[in-house]
file upload-v4.txt (compact mmCIF, C-alpha atoms and all ligand atoms)
# COMPACT_ATOMS: atom_id res chain seq x y z
CA MET A 1398 26.25 4.12 -1.85
CA ALA A 1399 29.64 3.62 -3.50
CA ARG A 1400 31.49 3.76 -0.17
CA ARG A 1401 29.10 1.28 1.39
CA ALA A 1402 29.26 -1.01 -1.64
CA GLN A 1403 33.07 -0.94 -1.55
CA HIS A 1404 33.14 -1.71 2.16
CA LEU A 1405 30.74 -4.65 1.78
CA THR A 1406 32.61 -6.01 -1.25
CA GLN A 1407 35.86 -6.00 0.67
CA GLN A 1408 34.21 -7.52 3.73
CA HIS A 1409 32.79 -10.47 1.77
CA PHE A 1410 35.28 -10.97 -1.08
CA GLY A 1411 38.47 -9.36 0.19
CA ARG A 1412 40.50 -7.71 -2.56
CA ALA A 1413 39.98 -10.56 -5.02
CA ILE A 1414 38.59 -9.93 -8.49
CA GLN A 1415 37.82 -13.26 -10.09
CA LEU A 1416 38.59 -13.35 -13.82
CA TYR A 1417 36.99 -15.47 -16.53
CA ALA A 1418 36.89 -15.65 -20.30
CA PRO A 1419 33.89 -16.20 -22.58
CA LEU A 1420 34.42 -18.73 -25.38
CA TYR A 1421 31.89 -18.68 -28.21
CA LEU A 1422 31.38 -22.19 -29.52
CA SER A 1423 29.00 -21.30 -32.34
CA ASN A 1424 27.06 -18.42 -33.84
CA PHE A 1425 24.33 -20.57 -35.38
CA CYS A 1426 21.02 -19.56 -33.85
CA SER A 1427 17.32 -20.08 -34.51
CA GLY A 1428 16.41 -17.05 -32.42
CA GLY A 1429 15.18 -13.67 -33.57
CA CYS A 1430 16.27 -11.39 -30.74
CA ALA A 1431 16.11 -7.88 -32.16
CA TYR A 1432 19.23 -6.72 -30.30
CA CYS A 1433 21.62 -9.59 -31.12
CA GLY A 1434 24.24 -9.91 -33.84
CA PHE A 1435 23.66 -13.68 -33.99
CA ALA A 1436 19.89 -13.45 -34.74
CA SER A 1437 18.89 -15.76 -37.57
CA ASP A 1438 18.00 -12.87 -39.92
CA ARG A 1439 21.52 -11.39 -39.79
CA GLN A 1440 23.43 -12.01 -43.00
CA HIS A 1441 26.92 -13.08 -42.03
CA ALA A 1442 29.12 -16.14 -41.94
CA ARG A 1443 28.04 -18.87 -39.51
CA ARG A 1444 30.30 -21.46 -38.04
CA ARG A 1445 30.96 -23.59 -35.02
CA LEU A 1446 34.18 -24.70 -33.41
CA GLU A 1447 35.07 -28.27 -34.28
CA PRO A 1448 36.65 -30.39 -31.50
CA ALA A 1449 40.23 -29.76 -32.61
CA GLU A 1450 39.57 -26.01 -32.86
CA LEU A 1451 37.93 -25.98 -29.43
CA ALA A 1452 40.95 -27.74 -27.95
CA ASP A 1453 43.17 -25.14 -29.58
CA GLU A 1454 41.11 -22.22 -28.22
CA LEU A 1455 41.14 -23.76 -24.74
CA ALA A 1456 44.89 -24.26 -24.88
CA ALA A 1457 45.32 -20.61 -25.82
CA LEU A 1458 43.10 -19.48 -22.93
CA LYS A 1459 44.90 -21.79 -20.52
CA ALA A 1460 48.23 -20.32 -21.63
CA MET A 1461 46.80 -16.87 -20.88
CA GLY A 1462 46.16 -18.09 -17.33
CA PHE A 1463 42.39 -18.68 -17.41
CA GLU A 1464 40.89 -21.49 -15.33
CA GLN A 1465 37.27 -20.37 -15.55
CA ILE A 1466 35.72 -20.51 -19.02
CA LEU A 1467 32.18 -19.63 -20.03
CA LEU A 1468 31.11 -21.61 -23.12
CA LEU A 1469 28.46 -19.80 -25.17
CA THR A 1470 26.15 -20.71 -28.00
CA GLY A 1471 22.77 -19.54 -29.30
CA GLU A 1472 19.42 -21.31 -29.35
CA ARG A 1473 19.37 -24.96 -30.40
CA THR A 1474 20.18 -25.63 -34.05
CA PRO A 1475 21.09 -28.84 -35.85
CA GLN A 1476 24.68 -27.55 -36.00
CA ALA A 1477 24.91 -26.67 -32.29
CA ASP A 1478 22.47 -28.78 -30.30
CA PHE A 1479 22.58 -30.34 -26.85
CA ASP A 1480 24.91 -33.17 -27.89
CA TYR A 1481 27.39 -30.68 -29.35
CA LEU A 1482 27.31 -28.64 -26.15
CA LEU A 1483 27.74 -31.75 -24.00
CA ALA A 1484 30.74 -32.86 -26.04
CA SER A 1485 32.22 -29.35 -25.76
CA VAL A 1486 31.81 -29.37 -21.97
CA ARG A 1487 33.60 -32.73 -21.81
CA VAL A 1488 36.53 -31.34 -23.81
CA ALA A 1489 36.72 -28.13 -21.76
CA SER A 1490 36.48 -29.83 -18.38
CA ARG A 1491 39.62 -31.81 -19.18
CA VAL A 1492 41.55 -28.57 -19.75
CA VAL A 1493 40.38 -26.00 -17.20
CA HIS A 1494 39.10 -26.33 -13.65
CA GLU A 1495 35.82 -24.49 -13.99
CA VAL A 1496 33.48 -24.77 -16.98
CA LEU A 1497 30.29 -22.72 -17.15
CA ILE A 1498 27.77 -22.50 -19.98
CA GLU A 1499 25.57 -19.78 -21.40
CA ALA A 1500 23.22 -21.39 -23.90
CA PHE A 1501 19.55 -22.28 -24.34
CA PRO A 1502 17.12 -23.33 -21.58
CA MET A 1503 17.21 -27.07 -21.00
CA SER A 1504 15.37 -29.82 -19.22
CA THR A 1505 16.47 -30.97 -15.75
CA GLY A 1506 17.78 -34.19 -17.30
CA GLU A 1507 19.93 -32.29 -19.79
CA TYR A 1508 21.35 -30.04 -17.07
CA ARG A 1509 22.14 -33.14 -15.03
CA GLN A 1510 24.10 -34.65 -17.94
CA LEU A 1511 26.08 -31.43 -18.27
CA ALA A 1512 26.83 -31.36 -14.53
CA GLU A 1513 28.03 -34.95 -14.70
CA ALA A 1514 30.26 -33.99 -17.64
CA GLY A 1515 32.02 -31.36 -15.53
CA CYS A 1516 29.93 -28.22 -15.99
CA THR A 1517 29.55 -26.37 -12.69
CA GLY A 1518 27.42 -23.39 -13.60
CA VAL A 1519 24.73 -22.06 -15.92
CA THR A 1520 24.36 -18.44 -16.94
CA LEU A 1521 20.96 -17.55 -18.35
CA TYR A 1522 19.84 -13.93 -18.48
CA GLN A 1523 16.11 -13.31 -18.62
CA GLU A 1524 16.95 -10.20 -20.74
CA THR A 1525 13.84 -8.45 -19.39
CA TYR A 1526 11.32 -9.49 -16.76
CA ASP A 1527 8.65 -7.37 -18.47
CA PRO A 1528 6.51 -9.89 -20.40
CA ALA A 1529 5.27 -7.29 -22.91
CA GLY A 1530 8.77 -6.01 -23.69
CA TYR A 1531 10.03 -9.60 -23.80
CA ALA A 1532 7.43 -10.50 -26.44
CA GLN A 1533 8.30 -7.42 -28.48
CA TRP A 1534 12.07 -7.96 -28.70
CA HIS A 1535 12.13 -11.77 -28.96
CA ARG A 1536 10.53 -11.93 -32.35
CA TRP A 1537 10.70 -15.65 -33.12
CA GLY A 1538 12.26 -18.90 -32.03
CA PRO A 1539 12.09 -20.91 -28.80
CA LYS A 1540 13.30 -17.95 -26.79
CA ARG A 1541 9.85 -16.39 -27.17
CA ASP A 1542 8.77 -18.70 -24.36
CA PHE A 1543 9.16 -16.32 -21.38
CA ALA A 1544 8.24 -18.88 -18.72
CA ALA A 1545 10.56 -21.62 -20.04
CA ARG A 1546 13.47 -19.22 -19.74
CA LEU A 1547 12.45 -17.85 -16.35
CA GLU A 1548 12.23 -21.32 -14.84
CA ALA A 1549 15.41 -22.74 -16.38
CA PRO A 1550 17.87 -21.55 -13.65
CA ALA A 1551 15.79 -23.41 -11.04
CA ARG A 1552 15.92 -26.54 -13.21
CA ALA A 1553 19.71 -26.18 -13.48
CA LEU A 1554 20.06 -26.02 -9.69
CA GLU A 1555 17.60 -28.87 -9.27
CA ALA A 1556 19.85 -30.90 -11.57
CA GLY A 1557 22.88 -30.28 -9.38
CA MET A 1558 24.63 -27.29 -10.93
CA ARG A 1559 26.74 -25.48 -8.36
CA THR A 1560 25.95 -21.96 -9.57
CA VAL A 1561 23.56 -20.01 -11.77
CA GLY A 1562 24.10 -16.55 -13.23
CA LEU A 1563 21.14 -14.26 -13.68
CA GLY A 1564 20.82 -10.85 -15.32
CA ALA A 1565 18.66 -8.43 -17.26
CA LEU A 1566 19.85 -6.84 -20.50
CA LEU A 1567 19.87 -3.22 -19.44
CA GLY A 1568 18.33 -0.93 -22.03
CA LEU A 1569 15.51 -3.21 -23.17
CA ALA A 1570 12.88 -2.18 -20.61
CA ASP A 1571 12.46 -0.01 -17.52
CA PRO A 1572 15.77 -0.72 -15.69
CA LEU A 1573 14.35 -0.19 -12.21
CA ARG A 1574 11.48 -2.61 -12.71
CA ASP A 1575 13.90 -5.14 -14.18
CA ALA A 1576 16.28 -4.64 -11.24
CA VAL A 1577 13.52 -5.31 -8.72
CA ALA A 1578 12.42 -8.43 -10.61
CA LEU A 1579 16.04 -9.61 -10.87
CA TYR A 1580 16.46 -9.14 -7.12
CA ARG A 1581 13.31 -11.17 -6.42
CA HIS A 1582 14.41 -13.92 -8.82
CA ALA A 1583 17.79 -14.16 -7.08
CA ARG A 1584 16.28 -14.16 -3.58
CA ALA A 1585 13.76 -16.86 -4.52
CA LEU A 1586 16.52 -19.13 -5.85
CA GLN A 1587 18.80 -18.42 -2.87
CA ALA A 1588 16.00 -19.30 -0.47
CA ARG A 1589 15.13 -22.55 -2.21
CA TYR A 1590 18.60 -23.72 -3.26
CA TRP A 1591 20.55 -22.46 -0.29
CA ARG A 1592 23.54 -24.72 -0.93
CA ALA A 1593 24.05 -23.35 -4.44
CA GLY A 1594 25.46 -20.02 -5.57
CA VAL A 1595 23.69 -17.28 -7.50
CA SER A 1596 25.63 -14.55 -9.28
CA LEU A 1597 24.25 -11.46 -10.99
CA ALA A 1598 25.49 -9.63 -14.06
CA PHE A 1599 24.72 -6.23 -15.49
CA PRO A 1600 24.98 -6.50 -19.27
CA ARG A 1601 24.12 -3.21 -20.96
CA LEU A 1602 23.04 -3.13 -24.60
CA ARG A 1603 25.98 -2.61 -26.94
CA PRO A 1604 26.11 -1.88 -30.69
CA GLU A 1605 25.71 -4.96 -32.90
CA ALA A 1606 25.50 -5.69 -36.62
CA GLY A 1607 21.76 -5.00 -36.90
CA GLY A 1608 22.07 -1.45 -35.49
CA PHE A 1609 19.52 -1.97 -32.67
CA GLN A 1610 19.06 1.13 -30.51
CA PRO A 1611 18.23 0.60 -26.81
CA PRO A 1612 14.67 1.79 -26.16
CA ASN A 1613 15.51 2.58 -22.51
CA PRO A 1614 19.16 3.66 -22.46
CA VAL A 1615 20.90 3.26 -19.11
CA SER A 1616 23.55 5.88 -18.22
CA ASP A 1617 26.87 5.11 -16.53
CA MET A 1618 25.51 6.73 -13.36
CA GLN A 1619 22.36 4.57 -13.38
CA LEU A 1620 24.41 1.44 -14.00
CA ALA A 1621 26.75 2.25 -11.11
CA GLN A 1622 23.83 2.99 -8.78
CA LEU A 1623 22.19 -0.33 -9.68
CA ILE A 1624 25.39 -2.22 -8.92
CA PHE A 1625 25.87 -0.42 -5.61
CA ALA A 1626 22.24 -1.09 -4.65
CA PHE A 1627 22.60 -4.81 -5.42
CA ARG A 1628 25.80 -5.03 -3.40
CA ILE A 1629 24.11 -3.33 -0.43
CA CYS A 1630 21.02 -5.56 -0.66
CA LEU A 1631 22.90 -8.80 -1.46
CA PRO A 1632 26.29 -8.35 0.26
CA ASP A 1633 27.65 -11.84 -0.40
CA THR A 1634 26.31 -12.44 -3.92
CA PRO A 1635 28.96 -12.32 -6.66
CA LEU A 1636 28.37 -9.40 -9.04
CA VAL A 1637 29.79 -9.60 -12.57
CA LEU A 1638 30.83 -6.96 -15.12
CA SER A 1639 31.93 -7.86 -18.64
CA THR A 1640 34.07 -6.16 -21.29
CA ARG A 1641 30.90 -4.61 -22.73
CA GLU A 1642 31.78 -1.66 -20.53
CA ALA A 1643 34.55 0.89 -21.08
CA PRO A 1644 37.90 0.66 -19.26
CA ALA A 1645 37.40 3.69 -17.00
CA LEU A 1646 33.99 2.51 -15.81
CA ARG A 1647 35.24 -1.04 -15.23
CA ASP A 1648 38.22 0.19 -13.27
CA GLY A 1649 35.96 2.38 -11.14
CA LEU A 1650 33.51 -0.42 -10.34
CA ALA A 1651 36.09 -3.16 -9.69
CA GLY A 1652 35.94 -3.86 -5.97
CA VAL A 1653 33.17 -1.28 -5.59
CA GLY A 1654 30.34 -3.78 -5.84
CA ILE A 1655 31.85 -5.83 -8.67
CA ASN A 1656 33.99 -8.86 -7.77
CA ARG A 1657 34.00 -10.89 -10.96
CA MET A 1658 35.03 -9.70 -14.44
CA SER A 1659 35.81 -10.96 -17.91
CA VAL A 1660 38.97 -9.78 -19.61
CA ALA A 1661 40.54 -9.89 -23.08
CA SER A 1662 37.21 -11.21 -24.42
CA ARG A 1663 36.36 -12.18 -27.97
CA THR A 1664 32.68 -12.33 -28.97
CA THR A 1665 33.50 -14.05 -32.27
CA VAL A 1666 33.62 -17.81 -32.82
CA GLY A 1667 37.35 -18.40 -32.56
CA GLY A 1668 39.89 -15.69 -31.95
CA TYR A 1669 41.94 -16.79 -28.95
CA GLY A 1670 43.92 -19.52 -30.65
CA ARG A 1671 44.53 -20.37 -34.27
CA ALA A 1672 40.82 -20.73 -35.14
CA SER A 1673 40.20 -17.76 -37.38
CA PRO A 1674 37.61 -15.29 -36.03
CA GLU A 1675 36.09 -14.90 -39.48
CA THR A 1676 32.65 -14.25 -37.98
CA THR A 1677 30.96 -11.11 -36.76
CA GLY A 1678 30.87 -10.73 -32.97
CA GLN A 1679 27.65 -11.01 -30.96
CA PHE A 1680 28.18 -7.43 -29.81
CA ALA A 1681 30.98 -4.86 -29.70
CA VAL A 1682 33.51 -5.17 -26.88
CA SER A 1683 34.35 -1.87 -25.21
CA ASP A 1684 37.29 -2.80 -22.98
CA GLU A 1685 39.91 -4.26 -25.33
CA ARG A 1686 42.84 -4.23 -22.89
CA ASP A 1687 45.01 -7.30 -22.73
CA ILE A 1688 45.36 -9.30 -19.52
CA ALA A 1689 48.62 -7.75 -18.36
CA THR A 1690 47.29 -4.22 -18.77
CA PHE A 1691 43.99 -5.00 -17.06
CA CYS A 1692 45.61 -6.87 -14.17
CA GLY A 1693 48.06 -3.99 -13.78
CA ALA A 1694 45.13 -1.56 -13.49
CA LEU A 1695 43.52 -3.79 -10.83
CA ARG A 1696 46.73 -4.02 -8.83
CA GLN A 1697 47.18 -0.26 -8.97
CA ARG A 1698 43.85 -0.02 -7.18
CA GLY A 1699 44.99 -2.48 -4.52
CA LEU A 1700 42.99 -5.40 -5.97
CA ASP A 1701 44.15 -8.99 -6.61
CA PRO A 1702 43.30 -10.59 -9.96
CA VAL A 1703 42.36 -14.25 -9.32
CA PHE A 1704 42.24 -16.79 -12.14
CA LYS A 1705 41.48 -19.91 -10.12
CA ASN A 1706 39.23 -20.30 -7.10
CA TRP A 1707 37.85 -23.76 -7.79
CA ASP A 1708 39.49 -27.12 -8.32
CA ALA A 1709 38.07 -29.73 -10.63
CA ALA A 1710 38.73 -32.32 -7.90
CA LEU A 1711 35.80 -30.75 -6.03
CA ASN A 1712 33.35 -31.54 -8.82
CA PHE A 1713 31.13 -34.26 -7.44
CA GLY A 1714 28.80 -34.30 -10.43
CA GLY A 1715 26.32 -31.97 -8.79
CA LEU A 1716 24.88 -30.83 -5.51
CA THR A 1717 21.88 -33.10 -5.24
S1 LIG B 1 20.49 -13.49 -27.90
FE1 LIG B 1 20.92 -15.69 -27.99
S2 LIG B 1 18.98 -16.59 -28.71
FE2 LIG B 1 18.87 -14.41 -29.19
S3 LIG B 1 19.59 -14.26 -31.32
FE3 LIG B 1 21.36 -13.91 -29.95
S4 LIG B 1 22.34 -15.90 -29.74
FE4 LIG B 1 20.26 -16.24 -30.54

call {"tool": "encode", "arguments": {"input": "upload-v4.txt", "output": "structure tokens"}}
result
Amino acid sequence: MARRAQHLTQQHFGRAIQLYAPLYLSNFCSGGCAYCGFASDRQHARRRLEPAELADELAALKAMGFEQILLLTGERTPQADFDYLLASVRVASRVVHEVLIEAFPMSTGEYRQLAEAGCTGVTLYQETYDPAGYAQWHRWGPKRDFAARLEAPARALEAGMRTVGLGALLGLADPLRDAVALYRHARALQARYWRAGVSLAFPRLRPEAGGFQPPNPVSDMQLAQLIFAFRICLPDTPLVLSTREAPALRDGLAGVGINRMSVASRTTVGGYGRASPETTGQFAVSDERDIATFCGALRQRGLDPVFKNWDAALNFGGLT
């Protein structure tokens, strides 16, 4: 499976590994996800990036070479609502070429406003496609609405977003059932929104402040097999791996199924620039290598780190 996955990855993506950085705008959240360090029952400092701080963080990321930034925030709160996110997208789209968001499910109209402001993609993981498990681990807040979340990526594409990112949080429920459901979700969106792009990620539960233990732990071997299977079944769909995973595993999967990766990530609010990361992270990062070290490891394996594969001049304010 690994050999076939590597061959297909090279056939469809060459040797390129596209790099991006997550940027946490806020850790305010009204959600009660049992596995998350930002859940509203966690006792730690809350803050959001103010416009000047956001500009500073973006400048730091730009200086590091990043052109693709994923802006993250929790469920809607008065401190970090839609208007705050929209303003943040406007600021970011003036600095880097590709701005993506990972936030709360929105209406088609809200997604359209974000697309017009320069956002090109929406990442929204279903966490688990098992409704019973979903109800168990999403204890309160708007995220309890399984269907609203499931349907949001379609609304984002309907509104003109260029890409959506899907995923299941591996460890929450039966990983094989979630993988099959994730595959079906991706295929349904690809069939209906054939001009748009769908990418898939494989986040695995990591330690966080609340000490949540994965009820269905996924081994390195299982994770690798899932990634290989997705590459074989969806040869031209971008597959993403974050710094949740350890360096050796990331190095082994780069170009062997995986073609898009985060690097040098902070999961705190602030931490790239001068904004002090005085908050607890959403989860623990496992690969803490800096960009030069990580890119060196990629090149040693014959891979090309790519920071920019999209130009803001191509943003037409949506696909529809
Ligand atoms: S996973 Fe998202 S919605 Fe749930 S508690 Fe964490 S930040 Fe909030």

call {"tool": "atom_distance", "arguments": {"input": "upload-v4.txt", "atom1": "atom CA of Gly1678 of chain A", "atom2": "atom S4 of ligand LIG 1 (chain B)"}}
result
10.5 Å

call {"tool": "closest_atom_pairs", "arguments": {"input": "upload-v4.txt", "of": "chain A", "to": "ligand LIG 1 (chain B)", "cutoff": "8 Å", "atoms": "all atoms listed in the file", "output": "JSON lines"}}
result
{"residue": "A:Asn1424", "atom": "CA", "partner": "B:LIG1", "partner_atom": "S4", "distance": 6.7}
{"residue": "A:Phe1425", "atom": "CA", "partner": "B:LIG1", "partner_atom": "S4", "distance": 7.6}
{"residue": "A:Cys1426", "atom": "CA", "partner": "B:LIG1", "partner_atom": "FE4", "distance": 4.7}
{"residue": "A:Ser1427", "atom": "CA", "partner": "B:LIG1", "partner_atom": "FE4", "distance": 6.3}
{"residue": "A:Gly1428", "atom": "CA", "partner": "B:LIG1", "partner_atom": "FE4", "distance": 4.4}
{"residue": "A:Gly1429", "atom": "CA", "partner": "B:LIG1", "partner_atom": "S3", "distance": 5.0}
{"residue": "A:Cys1430", "atom": "CA", "partner": "B:LIG1", "partner_atom": "FE2", "distance": 4.3}
{"residue": "A:Ala1431", "atom": "CA", "partner": "B:LIG1", "partner_atom": "S3", "distance": 7.3}
{"residue": "A:Tyr1432", "atom": "CA", "partner": "B:LIG1", "partner_atom": "S1", "distance": 7.3}
{"residue": "A:Cys1433", "atom": "CA", "partner": "B:LIG1", "partner_atom": "FE3", "distance": 4.5}
{"residue": "A:Gly1434", "atom": "CA", "partner": "B:LIG1", "partner_atom": "FE3", "distance": 6.3}
{"residue": "A:Phe1435", "atom": "CA", "partner": "B:LIG1", "partner_atom": "FE3", "distance": 4.7}
{"residue": "A:Ala1436", "atom": "CA", "partner": "B:LIG1", "partner_atom": "S3", "distance": 3.5}
{"residue": "A:Ser1437", "atom": "CA", "partner": "B:LIG1", "partner_atom": "S3", "distance": 6.5}
{"residue": "A:Thr1470", "atom": "CA", "partner": "B:LIG1", "partner_atom": "S4", "distance": 6.4}
{"residue": "A:Gly1471", "atom": "CA", "partner": "B:LIG1", "partner_atom": "S4", "distance": 3.7}
{"residue": "A:Glu1472", "atom": "CA", "partner": "B:LIG1", "partner_atom": "S2", "distance": 4.8}
{"residue": "A:Ala1500", "atom": "CA", "partner": "B:LIG1", "partner_atom": "FE1", "distance": 7.4}
{"residue": "A:Phe1501", "atom": "CA", "partner": "B:LIG1", "partner_atom": "S2", "distance": 7.2}
{"residue": "A:His1535", "atom": "CA", "partner": "B:LIG1", "partner_atom": "FE2", "distance": 7.2}
{"residue": "A:Gly1538", "atom": "CA", "partner": "B:LIG1", "partner_atom": "S2", "distance": 7.8}
{"residue": "A:Lys1540", "atom": "CA", "partner": "B:LIG1", "partner_atom": "S2", "distance": 6.1}
{"residue": "A:Gln1679", "atom": "CA", "partner": "B:LIG1", "partner_atom": "FE3", "distance": 7.0}

call {"tool": "atom_distance", "arguments": {"input": "upload-v4.txt", "atom1": "atom CA of His1409 of chain A", "atom2": "atom CA of Glu1464 of chain A"}}
result
21.9 Å

call {"tool": "closest_atom_pairs", "arguments": {"input": "upload-v4.txt", "of": "segment 1565-1612 of chain A", "to": "segment 1617-1625 of chain A", "cutoff": "10 Å", "atoms": "all atoms listed in the file", "output": "Markdown table"}}
result
| residue | atom | partner | partner_atom | distance |
| --- | --- | --- | --- | --- |
| A:Leu1567 | CA | A:Leu1620 | CA | 8.5 |
| A:Pro1572 | CA | A:Gln1619 | CA | 8.8 |
| A:Leu1573 | CA | A:Leu1623 | CA | 8.2 |
| A:Ala1576 | CA | A:Leu1623 | CA | 7.5 |
| A:Leu1597 | CA | A:Ile1624 | CA | 9.5 |
| A:Ala1598 | CA | A:Ile1624 | CA | 9.0 |
| A:Phe1599 | CA | A:Ile1624 | CA | 7.7 |
| A:Pro1600 | CA | A:Leu1620 | CA | 9.5 |
| A:Arg1601 | CA | A:Leu1620 | CA | 8.4 |

call {"tool": "closest_residue", "arguments": {"input": "upload-v4.txt", "among": "A:Ala1645, A:Cys1630, A:Val1486, A:Ala1710", "to": "Ala1694 of chain A", "atoms": "all atoms listed in the file"}}
result
A:Ala1645

call {"tool": "atom_distance", "arguments": {"input": "upload-v4.txt", "atom1": "atom CA of Ala1651 of chain A", "atom2": "atom CA of Glu1499 of chain A"}}
result
22.9 Å

call {"tool": "closest_residue", "arguments": {"input": "upload-v4.txt", "among": "A:Arg1603, A:Arg1698, A:Arg1671, A:Arg1663", "to": "Leu1569 of chain A", "atoms": "all atoms listed in the file"}}
result
A:Arg1603

call {"tool": "closest_residue", "arguments": {"input": "upload-v4.txt", "among": "A:Pro1539, A:Pro1502, A:Gly1530, A:Gly1568", "to": "Phe1609 of chain A", "atoms": "only C-alpha atoms"}}
result
A:Gly1568

call {"tool": "residues_around", "arguments": {"input": "upload-v4.txt", "residues": "segment 1446-1458 of chain A", "least_positions_apart": "4", "cutoff": "9 Å", "atoms": "only C-alpha atoms", "output": "MDAnalysis selection string"}}
result
chainID A and resid 1418 1420:1423 1462:1464 1466 1484:1485 1488:1489 1492:1493 1666:1672

call {"tool": "residues_around", "arguments": {"input": "upload-v4.txt", "residues": "Gly1506 of chain A", "least_positions_apart": "2", "cutoff": "12 Å", "atoms": "only C-alpha atoms", "output": "list of chain:residue names"}}
result
A:Phe1479, A:Pro1502, A:Met1503, A:Ser1504, A:Tyr1508, A:Arg1509, A:Gln1510, A:Leu1511, A:Ala1512, A:Glu1513, A:Ala1549, A:Arg1552, A:Ala1553, A:Leu1554, A:Glu1555, A:Ala1556, A:Gly1557, A:Met1558

call {"tool": "closest_residue", "arguments": {"input": "upload-v4.txt", "among": "A:Thr1505, A:His1494, A:Gln1533, A:Leu1467", "to": "Leu1482 of chain A", "atoms": "all atoms listed in the file"}}
result
A:Leu1467

call {"tool": "residues_near_point", "arguments": {"input": "upload-v4.txt", "point": "(16.1, -22.3, -7.7)", "cutoff": "12 Å", "atoms": "only C-alpha atoms", "output": "PDB file with C-alpha atoms, in the coordinates of the input"}}
result
ATOM      1  CA  THR A1505      16.470 -30.970 -15.750  1.00  0.00           C
ATOM      2  CA  VAL A1519      24.730 -22.060 -15.920  1.00  0.00           C
ATOM      3  CA  LEU A1547      12.450 -17.850 -16.350  1.00  0.00           C
ATOM      4  CA  GLU A1548      12.230 -21.320 -14.840  1.00  0.00           C
ATOM      5  CA  ALA A1549      15.410 -22.740 -16.380  1.00  0.00           C
ATOM      6  CA  PRO A1550      17.870 -21.550 -13.650  1.00  0.00           C
ATOM      7  CA  ALA A1551      15.790 -23.410 -11.040  1.00  0.00           C
ATOM      8  CA  ARG A1552      15.920 -26.540 -13.210  1.00  0.00           C
ATOM      9  CA  ALA A1553      19.710 -26.180 -13.480  1.00  0.00           C
ATOM     10  CA  LEU A1554      20.060 -26.020  -9.690  1.00  0.00           C
ATOM     11  CA  GLU A1555      17.600 -28.870  -9.270  1.00  0.00           C
ATOM     12  CA  ALA A1556      19.850 -30.900 -11.570  1.00  0.00           C
ATOM     13  CA  GLY A1557      22.880 -30.280  -9.380  1.00  0.00           C
ATOM     14  CA  MET A1558      24.630 -27.290 -10.930  1.00  0.00           C
ATOM     15  CA  ARG A1559      26.740 -25.480  -8.360  1.00  0.00           C
ATOM     16  CA  THR A1560      25.950 -21.960  -9.570  1.00  0.00           C
ATOM     17  CA  VAL A1561      23.560 -20.010 -11.770  1.00  0.00           C
ATOM     18  CA  GLY A1562      24.100 -16.550 -13.230  1.00  0.00           C
ATOM     19  CA  LEU A1563      21.140 -14.260 -13.680  1.00  0.00           C
ATOM     20  CA  ARG A1581      13.310 -11.170  -6.420  1.00  0.00           C
ATOM     21  CA  HIS A1582      14.410 -13.920  -8.820  1.00  0.00           C
ATOM     22  CA  ALA A1583      17.790 -14.160  -7.080  1.00  0.00           C
ATOM     23  CA  ARG A1584      16.280 -14.160  -3.580  1.00  0.00           C
ATOM     24  CA  ALA A1585      13.760 -16.860  -4.520  1.00  0.00           C
ATOM     25  CA  LEU A1586      16.520 -19.130  -5.850  1.00  0.00           C
ATOM     26  CA  GLN A1587      18.800 -18.420  -2.870  1.00  0.00           C
ATOM     27  CA  ALA A1588      16.000 -19.300  -0.470  1.00  0.00           C
ATOM     28  CA  ARG A1589      15.130 -22.550  -2.210  1.00  0.00           C
ATOM     29  CA  TYR A1590      18.600 -23.720  -3.260  1.00  0.00           C
ATOM     30  CA  TRP A1591      20.550 -22.460  -0.290  1.00  0.00           C
ATOM     31  CA  ARG A1592      23.540 -24.720  -0.930  1.00  0.00           C
ATOM     32  CA  ALA A1593      24.050 -23.350  -4.440  1.00  0.00           C
ATOM     33  CA  GLY A1594      25.460 -20.020  -5.570  1.00  0.00           C
ATOM     34  CA  VAL A1595      23.690 -17.280  -7.500  1.00  0.00           C
TER      35      VAL A1595
END

call {"tool": "residues_near_point", "arguments": {"input": "upload-v4.txt", "point": "(10.0, -10.4, -18.1)", "cutoff": "9 Å", "atoms": "all atoms listed in the file", "output": "MDAnalysis selection string"}}
result
chainID A and resid 1523:1532 1543:1544 1547 1565 1575 1578
